[in-house]
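Data first, discussion second: the structure below is written as structure tokens.
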Amino acid sequence: MSVSAAGRTGGGRLKGVSLVVGGAALFAAGLFVVATGTGLSGLLGMRVETFGAIECRDTRTSKGQTVWHCFGEAEGVGRERISFADHDGRNDPETITATQLTEGGRWFAHSSMIVGYGMIPLLLGAGTAAWGGYRVREAGRRGR
């Protein structure tokens, strides 16, 4: 059984395009997380507040890990739980700046941890889209 060159070219191009689209979606998700972690989310119209009177407490999980739950107060917001706050386990931070993604939703602290997690899909998405673009280009060359 043989496969024609035209069949391979079409399949390579289609796979390449799907890699570009998937990579772009992954890149956009990573960019959204990085924007939230750095505070650039305010430019996207999301609510950004600085919280004071920070109080953090640790909670043990069933697997023996420690999870920090931090709460803070801001003008007009009241006392709210802030997710992914940087905490060293000894001292509560003075202030935490956080973004609220949806009205009435959770507050996510601007932290290096969130930026680091956001960089993973950002870089994977960029690499996947670039590889897909290369496959589309190569399929076009072989089809000529």
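All residue names refer to the structure tokens as shown: chains lettered A, B, ... in order, residues numbered from 1 in each chain, ligands numbered from 1 in order.
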
Can you check which residues of range 32-140 of chain A DSSP gives as helix (DSSP H, G or I) on the backbone and send them as a VMD selection string?
chain A and resid 32 to 38 40 to 44 112 to 140

Determine, counting only C-alpha atoms, which protein, DNA and RNA residues have an atom within 8 Å of an atom of His87 in chain A; residues of the same chain fewer than 3 positions away are not included. Present the result as number ranges by chain.
A: 56, 68, 90-93

Residue contacts of Tyr117 in chain A (12 Å, only C-alpha atoms) excluding same-chain residues fewer than 5 positions away, as a PyMOL selection string:
chain A and resi 29-38+84+111-112+122-124

Spatial neighbours of Ala130 in chain A, max dist 12 Å, only C-alpha atoms, sep filter under 4 positions, as a list of chain:residue names
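What passes the distance filter is A:Gly16, A:Val17, A:Ser18, A:Leu19, A:Val20, A:Val21, A:Gly22, A:Gly23, A:Ala24, A:Phe27, A:Leu123, A:Leu124, A:Gly125, A:Ala126, A:Tyr134, A:Arg135, A:Val136, A:Arg137.
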
Can you write out the residues you just picked, keeping N, CA, C and O atoms, as a PDB file, in the first residue's frame?
```
ATOM      1  N   GLY A  16       0.092  20.575  11.349  1.00  0.00           N
ATOM      2  CA  GLY A  16       0.798  21.816  11.678  1.00  0.00           C
ATOM      3  C   GLY A  16      -0.151  22.914  12.106  1.00  0.00           C
ATOM      4  O   GLY A  16       0.086  23.620  13.090  1.00  0.00           O
ATOM      5  N   VAL A  17      -1.260  23.049  11.371  1.00  0.00           N
ATOM      6  CA  VAL A  17      -2.248  24.077  11.717  1.00  0.00           C
ATOM      7  C   VAL A  17      -2.853  23.789  13.087  1.00  0.00           C
ATOM      8  O   VAL A  17      -3.039  24.692  13.900  1.00  0.00           O
ATOM      9  N   SER A  18      -3.150  22.519  13.365  1.00  0.00           N
ATOM     10  CA  SER A  18      -3.715  22.193  14.673  1.00  0.00           C
ATOM     11  C   SER A  18      -2.709  22.461  15.793  1.00  0.00           C
ATOM     12  O   SER A  18      -3.090  22.890  16.881  1.00  0.00           O
ATOM     13  N   LEU A  19      -1.434  22.245  15.530  1.00  0.00           N
ATOM     14  CA  LEU A  19      -0.410  22.578  16.526  1.00  0.00           C
ATOM     15  C   LEU A  19      -0.322  24.087  16.749  1.00  0.00           C
ATOM     16  O   LEU A  19      -0.155  24.548  17.883  1.00  0.00           O
ATOM     17  N   VAL A  20      -0.449  24.858  15.678  1.00  0.00           N
ATOM     18  CA  VAL A  20      -0.417  26.320  15.810  1.00  0.00           C
ATOM     19  C   VAL A  20      -1.606  26.802  16.642  1.00  0.00           C
ATOM     20  O   VAL A  20      -1.455  27.608  17.567  1.00  0.00           O
ATOM     21  N   VAL A  21      -2.802  26.285  16.343  1.00  0.00           N
ATOM     22  CA  VAL A  21      -4.005  26.707  17.071  1.00  0.00           C
ATOM     23  C   VAL A  21      -3.924  26.280  18.538  1.00  0.00           C
ATOM     24  O   VAL A  21      -4.191  27.074  19.446  1.00  0.00           O
ATOM     25  N   GLY A  22      -3.547  25.031  18.791  1.00  0.00           N
ATOM     26  CA  GLY A  22      -3.425  24.552  20.166  1.00  0.00           C
ATOM     27  C   GLY A  22      -2.350  25.300  20.935  1.00  0.00           C
ATOM     28  O   GLY A  22      -2.533  25.658  22.106  1.00  0.00           O
ATOM     29  N   GLY A  23      -1.222  25.547  20.279  1.00  0.00           N
ATOM     30  CA  GLY A  23      -0.142  26.291  20.922  1.00  0.00           C
ATOM     31  C   GLY A  23      -0.544  27.719  21.244  1.00  0.00           C
ATOM     32  O   GLY A  23      -0.206  28.253  22.301  1.00  0.00           O
ATOM     33  N   ALA A  24      -1.307  28.333  20.337  1.00  0.00           N
ATOM     34  CA  ALA A  24      -1.767  29.709  20.583  1.00  0.00           C
ATOM     35  C   ALA A  24      -2.725  29.756  21.769  1.00  0.00           C
ATOM     36  O   ALA A  24      -2.658  30.686  22.593  1.00  0.00           O
ATOM     37  N   PHE A  27      -0.620  29.323  24.882  1.00  0.00           N
ATOM     38  CA  PHE A  27       0.121  30.563  25.084  1.00  0.00           C
ATOM     39  C   PHE A  27      -0.777  31.629  25.715  1.00  0.00           C
ATOM     40  O   PHE A  27      -0.383  32.313  26.660  1.00  0.00           O
ATOM     41  N   LEU A 123       5.371  29.183  27.702  1.00  0.00           N
ATOM     42  CA  LEU A 123       6.510  28.698  26.920  1.00  0.00           C
ATOM     43  C   LEU A 123       6.162  27.454  26.116  1.00  0.00           C
ATOM     44  O   LEU A 123       6.583  27.321  24.955  1.00  0.00           O
ATOM     45  N   LEU A 124       5.397  26.538  26.710  1.00  0.00           N
ATOM     46  CA  LEU A 124       4.971  25.348  25.961  1.00  0.00           C
ATOM     47  C   LEU A 124       4.106  25.737  24.767  1.00  0.00           C
ATOM     48  O   LEU A 124       4.242  25.170  23.678  1.00  0.00           O
ATOM     49  N   GLY A 125       3.219  26.700  24.961  1.00  0.00           N
ATOM     50  CA  GLY A 125       2.364  27.163  23.872  1.00  0.00           C
ATOM     51  C   GLY A 125       3.156  27.822  22.766  1.00  0.00           C
ATOM     52  O   GLY A 125       2.900  27.583  21.579  1.00  0.00           O
ATOM     53  N   ALA A 126       4.135  28.650  23.131  1.00  0.00           N
ATOM     54  CA  ALA A 126       4.968  29.302  22.122  1.00  0.00           C
ATOM     55  C   ALA A 126       5.762  28.268  21.321  1.00  0.00           C
ATOM     56  O   ALA A 126       5.836  28.343  20.091  1.00  0.00           O
ATOM     57  N   TYR A 134       6.401  25.588  11.647  1.00  0.00           N
ATOM     58  CA  TYR A 134       7.472  24.934  10.882  1.00  0.00           C
ATOM     59  C   TYR A 134       6.897  23.792  10.043  1.00  0.00           C
ATOM     60  O   TYR A 134       7.231  23.635   8.874  1.00  0.00           O
ATOM     61  N   ARG A 135       6.006  22.982  10.644  1.00  0.00           N
ATOM     62  CA  ARG A 135       5.398  21.851   9.921  1.00  0.00           C
ATOM     63  C   ARG A 135       4.551  22.333   8.743  1.00  0.00           C
ATOM     64  O   ARG A 135       4.570  21.727   7.678  1.00  0.00           O
ATOM     65  N   VAL A 136       3.819  23.422   8.934  1.00  0.00           N
ATOM     66  CA  VAL A 136       3.014  23.972   7.839  1.00  0.00           C
ATOM     67  C   VAL A 136       3.920  24.432   6.708  1.00  0.00           C
ATOM     68  O   VAL A 136       3.662  24.164   5.529  1.00  0.00           O
ATOM     69  N   ARG A 137       4.999  25.113   7.062  1.00  0.00           N
ATOM     70  CA  ARG A 137       5.938  25.609   6.048  1.00  0.00           C
ATOM     71  C   ARG A 137       6.590  24.467   5.291  1.00  0.00           C
ATOM     72  O   ARG A 137       6.695  24.493   4.064  1.00  0.00           O
TER      73      ARG A 137
END
```

For Thr66 in chain A, which residue among A:Gly89, A:Trp107, A:Val115, A:Thr95 is the nearest when counting only C-alpha atoms?
A:Gly89

What is the distance between CA of Ile54 in chain A and CA of Gly72 in chain A, in Å to one decimal?
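Separation of CA of Ile54 in chain A and CA of Gly72 in chain A: 4.5 Å.
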
Quick check for you: according to DSSP on this backbone, which residues of chain A are classed as strand (DSSP E)? Reply as a VMD selection string.
chain A and resid 47 to 60 66 to 74 78 to 83 96 to 100 107 to 109

Between A:Glu73, A:Glu80, A:Asp86, A:Glu94, which one has atoms that come closest to Ala109 in chain A, using only C-alpha atoms?
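Using only C-alpha atoms, Ala109 in chain A sits closest to A:Asp86.
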
Considering only C-alpha atoms, can you say which of A:Leu26, A:Ile96, A:Ile114, A:Leu14 comes closest to Gly132 in chain A?
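Among the listed residues, the smallest separation from Gly132 in chain A belongs to A:Leu14.
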